[in-house]
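As stored in structure.csv (CSV, C-alpha atoms):
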chain,number,residue,atom,x,y,z
A,268,MET,CA,-10.3,36.3,-20.4
A,269,GLY,CA,-11.7,32.9,-21.1
A,270,GLN,CA,-15.2,31.4,-21.4
A,271,PHE,CA,-17.1,28.3,-20.3
A,272,ILE,CA,-17.8,25.5,-22.7
A,273,ASN,CA,-19.4,22.1,-22.3
A,274,LEU,CA,-17.4,18.9,-22.6
A,275,THR,CA,-18.8,15.4,-22.8
A,276,ALA,CA,-17.4,12.7,-20.6
A,277,ALA,CA,-17.2,9.0,-21.7
A,278,ASP,CA,-20.4,8.2,-19.9
A,279,GLY,CA,-22.3,11.1,-21.7
A,280,PHE,CA,-22.2,13.4,-18.7
A,281,THR,CA,-21.9,17.1,-19.6
A,282,VAL,CA,-19.0,18.8,-17.9
A,283,PRO,CA,-18.6,22.6,-17.9
A,284,ALA,CA,-15.1,23.8,-18.3
A,285,TYR,CA,-13.4,27.3,-18.3
A,286,VAL,CA,-11.2,27.6,-21.3
A,287,ALA,CA,-8.6,30.4,-21.7
A,288,GLN,CA,-7.0,30.8,-25.2
A,289,PRO,CA,-3.5,32.0,-25.8
A,290,ALA,CA,-2.9,35.0,-28.1
A,291,GLY,CA,-1.4,32.9,-30.9
A,292,GLN,CA,-0.9,29.2,-31.8
A,293,PRO,CA,-0.9,27.2,-28.5
A,294,ARG,CA,2.5,25.9,-27.5
A,295,GLY,CA,0.6,23.1,-25.8
A,296,ALA,CA,-2.2,22.8,-23.3
A,297,VAL,CA,-2.7,22.7,-19.5
A,298,VAL,CA,-5.6,21.2,-17.6
A,299,VAL,CA,-6.2,23.2,-14.4
A,300,VAL,CA,-7.8,21.2,-11.6
A,301,GLN,CA,-9.8,23.2,-9.0
A,302,GLU,CA,-9.5,23.1,-5.2
A,303,ILE,CA,-12.6,22.4,-3.1
A,304,PHE,CA,-14.0,25.8,-3.9
A,305,GLY,CA,-15.1,25.3,-7.5
A,306,VAL,CA,-13.8,26.9,-10.7
A,307,ASN,CA,-13.8,30.2,-8.9
A,308,SER,CA,-12.1,33.5,-9.7
A,309,HIS,CA,-8.7,32.2,-8.5
A,310,ILE,CA,-8.8,29.0,-10.6
A,311,ARG,CA,-9.9,31.1,-13.6
A,312,ALA,CA,-7.0,33.5,-13.0
A,313,VAL,CA,-4.6,30.5,-12.9
A,314,ALA,CA,-6.0,29.4,-16.3
A,315,ASP,CA,-5.7,32.9,-17.6
A,316,ARG,CA,-2.0,33.1,-16.5
A,317,TYR,CA,-1.2,29.8,-18.3
A,318,ALA,CA,-2.9,31.2,-21.4
A,319,ALA,CA,-0.7,34.3,-21.1
A,320,GLU,CA,2.3,32.0,-21.3
A,321,GLY,CA,1.1,30.5,-24.6
A,322,TYR,CA,-0.9,27.5,-23.4
A,323,LEU,CA,-4.5,26.6,-24.1
A,324,ALA,CA,-5.8,26.2,-20.5
A,325,VAL,CA,-8.9,24.1,-19.6
A,326,ALA,CA,-10.4,24.0,-16.1
A,327,PRO,CA,-13.2,21.4,-15.7
A,328,SER,CA,-15.8,21.7,-13.0
A,329,THR,CA,-15.1,18.7,-10.9
A,330,PHE,CA,-18.1,19.3,-8.7
A,331,GLU,CA,-20.6,19.2,-11.5
A,332,ARG,CA,-21.7,15.6,-10.9
A,333,VAL,CA,-22.8,16.4,-7.4
A,334,LYS,CA,-23.8,20.1,-7.6
A,335,PRO,CA,-23.7,22.4,-10.7
A,336,GLY,CA,-22.4,25.9,-10.8
A,337,VAL,CA,-20.3,25.9,-7.6
A,338,GLU,CA,-18.2,29.0,-6.9
A,339,LEU,CA,-17.0,29.4,-3.3
A,340,GLY,CA,-14.7,31.8,-1.5
A,341,TYR,CA,-12.3,31.0,1.3
A,342,THR,CA,-14.3,31.5,4.5
A,343,GLU,CA,-14.8,28.8,7.1
A,344,ALA,CA,-18.3,28.3,5.8
A,345,ASP,CA,-17.0,28.0,2.3
A,346,MET,CA,-14.5,25.4,3.4
A,347,GLY,CA,-17.1,23.3,5.1
A,348,ALA,CA,-19.4,23.5,2.0
A,349,GLY,CA,-16.5,22.5,-0.3
A,350,PHE,CA,-15.4,19.6,1.9
A,351,GLU,CA,-19.0,18.2,1.8
A,352,LEU,CA,-19.0,18.4,-2.0
A,353,LYS,CA,-15.6,16.8,-2.2
A,354,THR,CA,-16.8,14.0,0.0
A,355,ALA,CA,-19.8,13.5,-2.3
A,356,VAL,CA,-17.6,13.4,-5.4
A,357,ASP,CA,-15.2,10.9,-3.7
A,358,ALA,CA,-18.2,8.6,-3.1
A,359,LEU,CA,-19.2,8.5,-6.8
A,360,PRO,CA,-19.2,5.0,-8.3
A,361,GLY,CA,-16.9,3.8,-11.0
A,362,ALA,CA,-14.5,6.3,-12.6
A,363,GLY,CA,-16.5,9.2,-11.2
A,364,VAL,CA,-14.9,12.6,-11.7
A,365,LEU,CA,-11.7,11.2,-13.4
A,366,GLN,CA,-13.7,10.7,-16.6
A,367,ASP,CA,-14.5,14.4,-16.5
A,368,ILE,CA,-10.8,15.2,-16.2
A,369,GLN,CA,-10.1,12.8,-19.1
A,370,ALA,CA,-12.6,14.7,-21.2
A,371,ALA,CA,-10.7,17.9,-20.4
A,372,ILE,CA,-7.4,16.3,-21.4
A,373,ASP,CA,-8.9,15.1,-24.7
A,374,HIS,CA,-10.4,18.5,-25.5
A,375,ALA,CA,-7.1,20.2,-24.6
A,376,ALA,CA,-5.1,17.9,-26.9
A,377,GLN,CA,-7.5,18.3,-29.8
A,378,ALA,CA,-8.0,22.1,-29.5
A,379,SER,CA,-4.3,22.9,-29.0
A,380,GLY,CA,-2.8,20.3,-31.4
A,381,GLY,CA,0.0,19.9,-28.8
A,382,LYS,CA,1.1,18.0,-25.7
A,383,VAL,CA,-1.0,18.3,-22.6
A,384,GLY,CA,0.1,18.9,-19.0
A,385,ILE,CA,-2.1,19.0,-15.8
A,386,VAL,CA,-1.8,21.1,-12.7
A,387,GLY,CA,-4.0,20.9,-9.6
A,388,PHE,CA,-4.2,22.5,-6.2
A,389,CYS,CA,-5.2,20.9,-2.8
A,390,TRP,CA,-7.9,18.4,-3.7
A,391,GLY,CA,-7.2,19.2,-7.3
A,392,GLY,CA,-3.6,18.2,-6.5
A,393,LEU,CA,-4.7,14.8,-5.4
A,394,LEU,CA,-6.9,14.5,-8.6
A,395,THR,CA,-3.9,15.5,-10.6
A,396,TRP,CA,-1.8,12.8,-9.1
A,397,LYS,CA,-4.5,10.2,-9.8
A,398,ALA,CA,-4.7,11.5,-13.4
A,399,ALA,CA,-1.0,11.2,-13.8
A,400,CYS,CA,-1.2,7.6,-12.7
A,401,LEU,CA,-4.5,6.5,-14.3
A,402,LEU,CA,-5.5,8.7,-17.3
A,403,LYS,CA,-4.2,8.9,-20.9
A,404,GLY,CA,-2.7,11.7,-22.9
A,405,LEU,CA,-0.6,13.5,-20.3
A,406,SER,CA,3.0,14.6,-20.9
A,407,ALA,CA,3.5,16.3,-17.5
A,408,ALA,CA,1.8,16.8,-14.1
A,409,ILE,CA,2.2,19.4,-11.4
A,410,VAL,CA,0.8,18.8,-7.9
A,411,TYR,CA,0.4,21.7,-5.5
A,412,TYR,CA,-0.1,20.6,-1.8
A,413,GLY,CA,-2.2,17.6,-2.8
A,414,GLY,CA,-4.4,16.7,0.1
A,415,GLY,CA,-4.3,12.9,0.6
A,416,ILE,CA,-1.4,12.3,-1.8
A,417,THR,CA,0.7,11.0,1.0
A,418,ALA,CA,-1.8,8.4,2.1
A,419,GLU,CA,-0.4,4.8,1.7
A,420,GLY,CA,-2.8,4.0,-1.1
A,421,GLU,CA,-1.8,7.0,-3.2
A,422,ILE,CA,1.9,6.6,-2.6
A,423,ALA,CA,1.5,3.1,-4.0
A,424,ARG,CA,0.4,4.5,-7.4
A,425,GLN,CA,2.9,4.9,-10.2
A,426,PRO,CA,2.8,7.9,-12.5
A,427,GLN,CA,2.7,7.5,-16.2
A,428,CYS,CA,4.3,10.9,-17.0
A,429,PRO,CA,6.9,13.2,-15.3
A,430,VAL,CA,5.6,14.8,-12.1
A,431,ILE,CA,6.7,17.8,-10.0
A,432,ALA,CA,5.2,18.3,-6.5
A,433,HIS,CA,5.1,21.4,-4.4
A,434,PHE,CA,4.5,21.3,-0.6
A,435,GLY,CA,4.6,23.7,2.3
A,436,ASP,CA,6.6,22.9,5.5
A,437,GLN,CA,3.9,24.5,7.7
A,438,ASP,CA,1.0,22.6,6.1
A,439,HIS,CA,-0.9,20.8,9.0
A,440,TRP,CA,-3.0,18.9,6.4
A,441,ILE,CA,0.1,17.3,4.9
A,442,PRO,CA,2.7,16.6,7.6
A,443,LEU,CA,6.4,16.5,6.5
A,444,GLU,CA,6.8,12.9,7.4
A,445,GLY,CA,4.2,12.1,4.8
A,446,VAL,CA,6.0,14.2,2.2
A,447,GLU,CA,9.2,12.4,3.0
A,448,ALA,CA,7.5,9.0,2.6
A,449,PHE,CA,6.1,10.1,-0.8
A,450,LYS,CA,9.5,11.4,-1.8
A,451,LYS,CA,11.3,8.2,-0.8
A,452,ALA,CA,8.7,6.1,-2.8
A,453,HIS,CA,9.0,8.2,-5.9
A,454,PRO,CA,12.6,9.3,-6.4
A,455,ALA,CA,11.8,10.3,-10.1
A,456,VAL,CA,9.2,12.9,-8.9
A,457,GLU,CA,10.7,16.4,-8.5
A,458,VAL,CA,9.6,17.3,-4.9
A,459,HIS,CA,10.0,20.9,-3.6
A,460,VAL,CA,9.2,22.0,0.0
A,461,TYR,CA,8.6,25.7,0.7
A,462,ALA,CA,8.6,27.7,3.9
A,463,ALA,CA,4.9,28.1,3.6
A,464,ASN,CA,1.4,26.9,4.6
A,465,HIS,CA,-1.3,25.0,2.8
A,466,GLY,CA,-2.7,27.1,0.0
A,467,PHE,CA,0.4,29.2,-0.4
A,468,ASN,CA,-0.2,29.8,-4.1
A,469,CYS,CA,-3.7,31.4,-3.8
A,470,ASP,CA,-3.6,35.1,-3.4
A,471,GLN,CA,-7.2,35.1,-2.1
A,472,ARG,CA,-6.3,33.1,1.0
A,473,GLY,CA,-4.7,34.2,4.3
A,474,SER,CA,-2.0,31.6,3.7
A,475,TYR,CA,-0.8,33.1,0.5
A,476,ASN,CA,3.0,33.3,0.4
A,477,GLU,CA,4.2,35.5,-2.5
A,478,ALA,CA,7.8,34.3,-2.4
A,479,ALA,CA,6.8,30.6,-2.4
A,480,ALA,CA,4.2,31.1,-5.1
A,481,ASP,CA,6.6,32.9,-7.4
A,482,LEU,CA,9.3,30.3,-7.0
A,483,ALA,CA,6.8,27.4,-7.5
A,484,ARG,CA,5.4,29.1,-10.6
A,485,GLU,CA,8.9,29.7,-12.0
A,486,ARG,CA,9.7,26.0,-11.5
A,487,SER,CA,6.4,24.9,-12.9
A,488,LEU,CA,6.7,27.0,-16.0
A,489,ALA,CA,10.2,25.6,-16.7
A,490,PHE,CA,8.9,22.1,-16.1
A,491,PHE,CA,6.0,22.5,-18.6
A,492,ALA,CA,8.3,24.3,-21.1
A,493,ALA,CA,10.7,21.3,-21.1
A,494,ARG,CA,7.9,18.8,-21.6
A,495,LEU,CA,5.1,20.4,-23.5
A,496,GLY,CA,7.1,22.6,-26.0
Entire entry expressed as C-alpha coordinates:
Amino acid sequence: MGQFINLTAADGFTVPAYVAQPAGQPRGAVVVVQEIFGVNSHIRAVADRYAAEGYLAVAPSTFERVKPGVELGYTEADMGAGFELKTAVDALPGAGVLQDIQAAIDHAAQASGGKVGIVGFCWGGLLTWKAACLLKGLSAAIVYYGGGITAEGEIARQPQCPVIAHFGDQDHWIPLEGVEAFKKAHPAVEVHVYAANHGFNCDQRGSYNEAAADLARERSLAFFAARLG
(Lines of atoms letter the chains of each structure in order from A and count residues from 1; the text may use other names and numbers.)
(Lines give C-alpha, C1' and ligand atoms only; values in the text may rest on other atoms or scores of the structure.)
Protein backbone atom coordinates (compact mmCIF):
# COMPACT_ATOMS: atom_id res chain seq x y z
CA MET A 1 0.00 0.00 0.00
CA GLY A 2 1.23 3.46 -0.87
CA GLN A 3 0.41 6.95 0.29
CA PHE A 4 -0.25 10.38 -1.17
CA ILE A 5 2.46 13.02 -1.06
CA ASN A 6 2.61 16.55 -2.45
CA LEU A 7 4.93 17.46 -5.32
CA THR A 8 5.74 20.96 -6.53
CA ALA A 9 5.63 21.75 -10.24
CA ALA A 10 7.92 24.26 -11.94
CA ASP A 11 5.31 27.02 -11.63
CA GLY A 12 4.88 26.39 -7.89
CA PHE A 13 1.62 24.44 -8.20
CA THR A 14 1.15 21.67 -5.62
CA VAL A 15 0.46 18.29 -7.19
CA PRO A 16 -0.77 15.35 -5.08
CA ALA A 17 0.72 12.03 -6.14
CA TYR A 18 0.18 8.47 -4.97
CA VAL A 19 3.55 6.85 -4.22
CA ALA A 20 4.04 3.11 -3.77
CA GLN A 21 7.37 1.95 -2.37
CA PRO A 22 9.05 -1.35 -3.23
CA ALA A 23 10.14 -3.68 -0.44
CA GLY A 24 13.87 -3.04 -0.89
CA GLN A 25 16.14 -0.72 -2.84
CA PRO A 26 14.23 0.39 -5.97
CA ARG A 27 15.45 -1.08 -9.25
CA GLY A 28 14.22 2.13 -10.90
CA ALA A 29 11.00 4.11 -10.95
CA VAL A 30 7.75 4.20 -12.90
CA VAL A 31 5.43 7.20 -13.27
CA VAL A 32 1.83 5.97 -13.70
CA VAL A 33 -0.48 8.35 -15.56
CA GLN A 34 -4.22 8.10 -14.86
CA GLU A 35 -7.17 7.70 -17.20
CA ILE A 36 -9.98 10.28 -17.15
CA PHE A 37 -11.18 8.81 -13.84
CA GLY A 38 -8.57 10.24 -11.49
CA VAL A 39 -5.99 8.46 -9.34
CA ASN A 40 -8.69 5.96 -8.41
CA SER A 41 -8.43 2.48 -6.93
CA HIS A 42 -7.44 0.96 -10.27
CA ILE A 43 -4.58 3.39 -10.88
CA ARG A 44 -3.38 2.95 -7.30
CA ALA A 45 -3.47 -0.82 -7.85
CA VAL A 46 -1.36 -0.42 -11.00
CA ALA A 47 1.18 1.59 -8.98
CA ASP A 48 1.14 -1.05 -6.24
CA ARG A 49 1.82 -3.80 -8.77
CA TYR A 50 4.83 -1.96 -10.17
CA ALA A 51 6.10 -1.47 -6.61
CA ALA A 52 5.71 -5.24 -6.07
CA GLU A 53 8.03 -5.68 -9.08
CA GLY A 54 10.69 -3.57 -7.36
CA TYR A 55 9.98 -0.12 -8.80
CA LEU A 56 9.19 3.08 -6.96
CA ALA A 57 5.82 4.03 -8.48
CA VAL A 58 4.47 7.59 -8.64
CA ALA A 59 0.96 8.44 -9.88
CA PRO A 60 0.38 12.22 -10.09
CA SER A 61 -3.11 13.68 -10.06
CA THR A 62 -3.42 15.18 -13.53
CA PHE A 63 -6.83 16.68 -12.75
CA GLU A 64 -5.66 18.72 -9.76
CA ARG A 65 -5.32 21.97 -11.70
CA VAL A 66 -9.00 21.94 -12.64
CA LYS A 67 -10.57 20.00 -9.74
CA PRO A 68 -8.91 18.56 -6.63
CA GLY A 69 -9.47 15.11 -5.19
CA VAL A 70 -11.09 13.48 -8.22
CA GLU A 71 -11.82 9.76 -7.91
CA LEU A 72 -14.36 8.38 -10.37
CA GLY A 73 -15.67 4.95 -11.26
CA TYR A 74 -16.58 3.64 -14.70
CA THR A 75 -20.28 4.39 -15.16
CA GLU A 76 -21.60 6.49 -18.04
CA ALA A 77 -21.99 9.42 -15.64
CA ASP A 78 -18.39 9.00 -14.46
CA MET A 79 -17.21 8.92 -18.06
CA GLY A 80 -19.03 12.15 -18.83
CA ALA A 81 -17.59 13.85 -15.76
CA GLY A 82 -14.10 12.63 -16.57
CA PHE A 83 -14.32 13.80 -20.16
CA GLU A 84 -15.35 17.29 -19.01
CA LEU A 85 -12.35 17.43 -16.67
CA LYS A 86 -10.01 16.20 -19.41
CA THR A 87 -11.33 18.92 -21.72
CA ALA A 88 -10.67 21.51 -19.02
CA VAL A 89 -7.11 20.27 -18.53
CA ASP A 90 -6.49 20.30 -22.28
CA ALA A 91 -7.52 23.95 -22.32
CA LEU A 92 -4.95 24.99 -19.69
CA PRO A 93 -2.44 27.57 -20.96
CA GLY A 94 1.26 26.98 -21.43
CA ALA A 95 2.76 23.67 -20.33
CA GLY A 96 -0.37 22.88 -18.30
CA VAL A 97 -0.41 19.41 -16.80
CA LEU A 98 2.86 18.34 -18.43
CA GLN A 99 4.75 20.27 -15.75
CA ASP A 100 2.97 18.17 -13.11
CA ILE A 101 4.14 15.00 -14.87
CA GLN A 102 7.66 16.46 -15.02
CA ALA A 103 7.49 17.00 -11.24
CA ALA A 104 6.56 13.33 -10.83
CA ILE A 105 9.46 12.25 -13.08
CA ASP A 106 11.90 14.41 -11.11
CA HIS A 107 10.67 13.06 -7.77
CA ALA A 108 10.80 9.48 -9.05
CA ALA A 109 14.41 9.91 -10.17
CA GLN A 110 15.51 11.52 -6.92
CA ALA A 111 13.65 9.13 -4.60
CA SER A 112 14.66 5.96 -6.44
CA GLY A 113 18.19 6.89 -7.43
CA GLY A 114 17.58 5.06 -10.70
CA LYS A 115 16.20 5.41 -14.19
CA VAL A 116 12.59 6.45 -14.73
CA GLY A 117 9.94 4.99 -17.02
CA ILE A 118 6.39 6.14 -17.59
CA VAL A 119 3.18 4.26 -18.32
CA GLY A 120 -0.26 5.70 -19.04
CA PHE A 121 -3.73 4.51 -19.92
CA CYS A 122 -6.32 6.07 -22.27
CA TRP A 123 -5.93 9.86 -21.81
CA GLY A 124 -2.92 9.01 -19.67
CA GLY A 125 -1.56 7.12 -22.65
CA LEU A 126 -1.72 10.29 -24.71
CA LEU A 127 -0.02 12.24 -21.91
CA THR A 128 2.62 9.52 -21.73
CA TRP A 129 3.33 9.91 -25.44
CA LYS A 130 3.61 13.67 -25.03
CA ALA A 131 5.91 13.17 -22.05
CA ALA A 132 8.13 10.82 -24.06
CA CYS A 133 8.41 13.48 -26.76
CA LEU A 134 8.58 16.68 -24.69
CA LEU A 135 9.79 16.02 -21.14
CA LYS A 136 13.20 15.26 -19.62
CA GLY A 137 14.51 12.36 -17.57
CA LEU A 138 12.67 9.41 -19.11
CA SER A 139 14.38 6.17 -20.14
CA ALA A 140 11.28 4.31 -21.37
CA ALA A 141 7.58 4.91 -22.04
CA ILE A 142 4.59 2.57 -22.33
CA VAL A 143 1.32 3.72 -23.89
CA TYR A 144 -1.91 1.77 -23.32
CA TYR A 145 -4.66 2.66 -25.85
CA GLY A 146 -3.73 6.33 -25.88
CA GLY A 147 -6.79 8.28 -26.99
CA GLY A 148 -5.73 10.91 -29.52
CA ILE A 149 -2.28 9.47 -30.10
CA THR A 150 -3.11 8.65 -33.71
CA ALA A 151 -4.11 12.25 -34.54
CA GLU A 152 -1.91 13.85 -37.18
CA GLY A 153 -0.37 16.33 -34.75
CA GLU A 154 0.58 13.60 -32.29
CA ILE A 155 1.96 11.26 -34.95
CA ALA A 156 4.23 14.15 -36.01
CA ARG A 157 5.95 14.20 -32.60
CA GLN A 158 9.25 12.36 -32.08
CA PRO A 159 9.89 10.42 -28.87
CA GLN A 160 13.12 11.03 -26.96
CA CYS A 161 13.15 7.58 -25.33
CA PRO A 162 12.15 4.01 -26.32
CA VAL A 163 8.37 3.53 -26.52
CA ILE A 164 6.05 0.52 -26.55
CA ALA A 165 2.35 0.96 -27.44
CA HIS A 166 -0.57 -1.38 -26.72
CA PHE A 167 -3.82 -1.14 -28.72
CA GLY A 168 -7.04 -3.16 -29.01
CA ASP A 169 -8.41 -4.14 -32.42
CA GLN A 170 -12.01 -3.58 -31.24
CA ASP A 171 -11.35 -0.07 -29.89
CA HIS A 172 -13.87 2.28 -31.53
CA TRP A 173 -12.03 5.27 -30.01
CA ILE A 174 -8.82 4.36 -31.85
CA PRO A 175 -9.55 2.85 -35.30
CA LEU A 176 -7.00 0.42 -36.70
CA GLU A 177 -6.20 2.67 -39.64
CA GLY A 178 -4.96 5.23 -37.13
CA VAL A 179 -2.85 2.60 -35.40
CA GLU A 180 -1.34 1.63 -38.76
CA ALA A 181 -0.55 5.27 -39.55
CA PHE A 182 1.12 5.66 -36.17
CA LYS A 183 3.07 2.42 -36.66
CA LYS A 184 4.24 3.45 -40.14
CA ALA A 185 5.41 6.85 -38.92
CA HIS A 186 7.29 5.37 -35.95
CA PRO A 187 8.99 2.11 -36.96
CA ALA A 188 11.18 2.27 -33.82
CA VAL A 189 8.11 2.13 -31.55
CA GLU A 190 7.16 -1.38 -30.49
CA VAL A 191 3.44 -1.59 -31.37
CA HIS A 192 1.24 -4.45 -30.20
CA VAL A 193 -2.41 -4.96 -31.16
CA TYR A 194 -4.63 -7.27 -29.08
CA ALA A 195 -8.00 -8.91 -29.73
CA ALA A 196 -9.56 -6.57 -27.20
CA ASN A 197 -11.52 -3.38 -26.65
CA HIS A 198 -10.59 0.02 -25.21
CA GLY A 199 -9.70 -0.23 -21.53
CA PHE A 200 -8.77 -3.90 -21.72
CA ASN A 201 -6.21 -3.57 -18.93
CA CYS A 202 -8.68 -2.33 -16.29
CA ASP A 203 -10.31 -5.13 -14.28
CA GLN A 204 -12.99 -2.71 -13.07
CA ARG A 205 -14.37 -2.13 -16.58
CA GLY A 206 -16.68 -4.25 -18.68
CA SER A 207 -14.09 -4.17 -21.44
CA TYR A 208 -11.48 -5.92 -19.26
CA ASN A 209 -9.72 -8.70 -21.15
CA GLU A 210 -7.60 -10.84 -18.86
CA ALA A 211 -5.60 -12.56 -21.61
CA ALA A 212 -4.73 -9.27 -23.32
CA ALA A 213 -3.96 -7.56 -20.01
CA ASP A 214 -1.65 -10.37 -18.91
CA LEU A 215 0.26 -10.44 -22.20
CA ALA A 216 0.58 -6.64 -22.30
CA ARG A 217 1.83 -6.65 -18.70
CA GLU A 218 4.38 -9.37 -19.48
CA ARG A 219 5.68 -7.35 -22.43
CA SER A 220 5.67 -4.13 -20.40
CA LEU A 221 7.62 -5.61 -17.51
CA ALA A 222 10.22 -7.01 -19.92
CA PHE A 223 10.44 -3.62 -21.65
CA PHE A 224 11.03 -1.79 -18.37
CA ALA A 225 13.44 -4.44 -17.07
CA ALA A 226 15.62 -4.01 -20.15
CA ARG A 227 15.68 -0.21 -19.92
CA LEU A 228 15.36 0.71 -16.25
CA GLY A 229 17.47 -2.02 -14.63
Exercise for review: Counting all atoms listed in the file, figure out which residue out of A:Val456, A:Cys400, A:Leu394, A:Ala483 gets nearest to Asn468 in chain A.
Suggested key: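 Using all atoms listed in the file, Asn468 in chain A sits closest to A:Ala483.
Nearest-residue note for Ser308 in chain A: choosing from A:Val386, A:Gly291, A:His465, A:Glu338, the minimum distance belongs to A:Glu338, counting only C-alpha atoms.
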Check your understanding: Nearest to Met346 in chain A among A:Thr417, A:Arg472, A:Tyr411, A:Ala324, with distances taken over all atoms listed in the file: which residue is it?
Key ->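 For Met346 in chain A, the nearest of the candidates is A:Arg472.
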Revision key, fill the gap. Of A:Val306, A:Ala448, A:Leu274, A:Ile385, the one nearest to Tyr322 in chain A when counting all atoms listed in the file is A:Ile385
Practice item. Can you work out the spacing between CA of Ala407 in chain A and CA of Gly496 in chain A in Å, to one decimal? Key: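 CA of Gly496 in chain A lies at a distance of 11.2 Å from CA of Ala407 in chain A.
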Point to revise | Nearest to Ser487 in chain A, chosen from A:Ile368, A:Val410, A:Ala277, A:Ala463, with all atoms listed in the file counted in the distances | key: A:Val410
Review point. When you draw a straight line from CA of Cys469 in chain A to CA of Tyr285 in chain A, how long is it in Å?
Key: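 Separating CA of Cys469 in chain A from CA of Tyr285 in chain A is a distance of 17.9 Å.
Atom pair CA of Ala312 in chain A / CA of Leu401 in chain A: separated by 27.1 Å.
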Point to revise | Shell around Arg424 in chain A at 12 Å using all atoms listed in the file, local window under 2 positions removed, as a list in words | key: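 Using all atoms listed in the file, the neighbours found are Leu393, Trp396, Lys397, Ala398, Ala399, Cys400, Leu401, Ile416, Thr417, Ala418, Glu419, Gly420, Glu421, Ile422, Pro426, Gln427, Phe449, Ala452 and His453 of chain A.
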Selected residues written out, C-alpha atoms, as a short mmCIF file (atom, residue, chain, number, x, y, z; two decimals), keeping the file's coordinate frame:
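So the final result, stored in result.cif, reads:
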data_model
loop_
_atom_site.label_atom_id
_atom_site.label_comp_id
_atom_site.auth_asym_id
_atom_site.auth_seq_id
_atom_site.Cartn_x
_atom_site.Cartn_y
_atom_site.Cartn_z
CA LEU A 393 -4.70 14.80 -5.40
CA TRP A 396 -1.80 12.80 -9.10
CA LYS A 397 -4.50 10.20 -9.80
CA ALA A 398 -4.70 11.50 -13.40
CA ALA A 399 -1.00 11.20 -13.80
CA CYS A 400 -1.20 7.60 -12.70
CA LEU A 401 -4.50 6.50 -14.30
CA ILE A 416 -1.40 12.30 -1.80
CA THR A 417 0.70 11.00 1.00
CA ALA A 418 -1.80 8.40 2.10
CA GLU A 419 -0.40 4.80 1.70
CA GLY A 420 -2.80 4.00 -1.10
CA GLU A 421 -1.80 7.00 -3.20
CA ILE A 422 1.90 6.60 -2.60
CA PRO A 426 2.80 7.90 -12.50
CA GLN A 427 2.70 7.50 -16.20
CA PHE A 449 6.10 10.10 -0.80
CA ALA A 452 8.70 6.10 -2.80
CA HIS A 453 9.00 8.20 -5.90
#
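Ranking A:Ala492, A:Ala348, A:Ile441, A:Ala478 by their shortest atom-to-atom distance to Gly321 in chain A, with all atoms listed in the file included, puts A:Ala492 first.
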Point to revise | Contact residues around Ile310 in chain A with all atoms listed in the file at 12 Å, ignoring same-chain residues under 2 positions, as a ChimeraX atom specification | key: /A:269,284-287,298-308,312-317,324-328,338-340,386-389,391,468-471
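Once range 361-364 of chain A and its same-chain neighbours fewer than 3 positions away are set aside, Thr329, Phe330, Glu331, Arg332, Val356, Asp357, Ala358, Asp367, Ile368, Gln369 and Leu394 of chain A remain within 9 Å of it when counting all atoms listed in the file.
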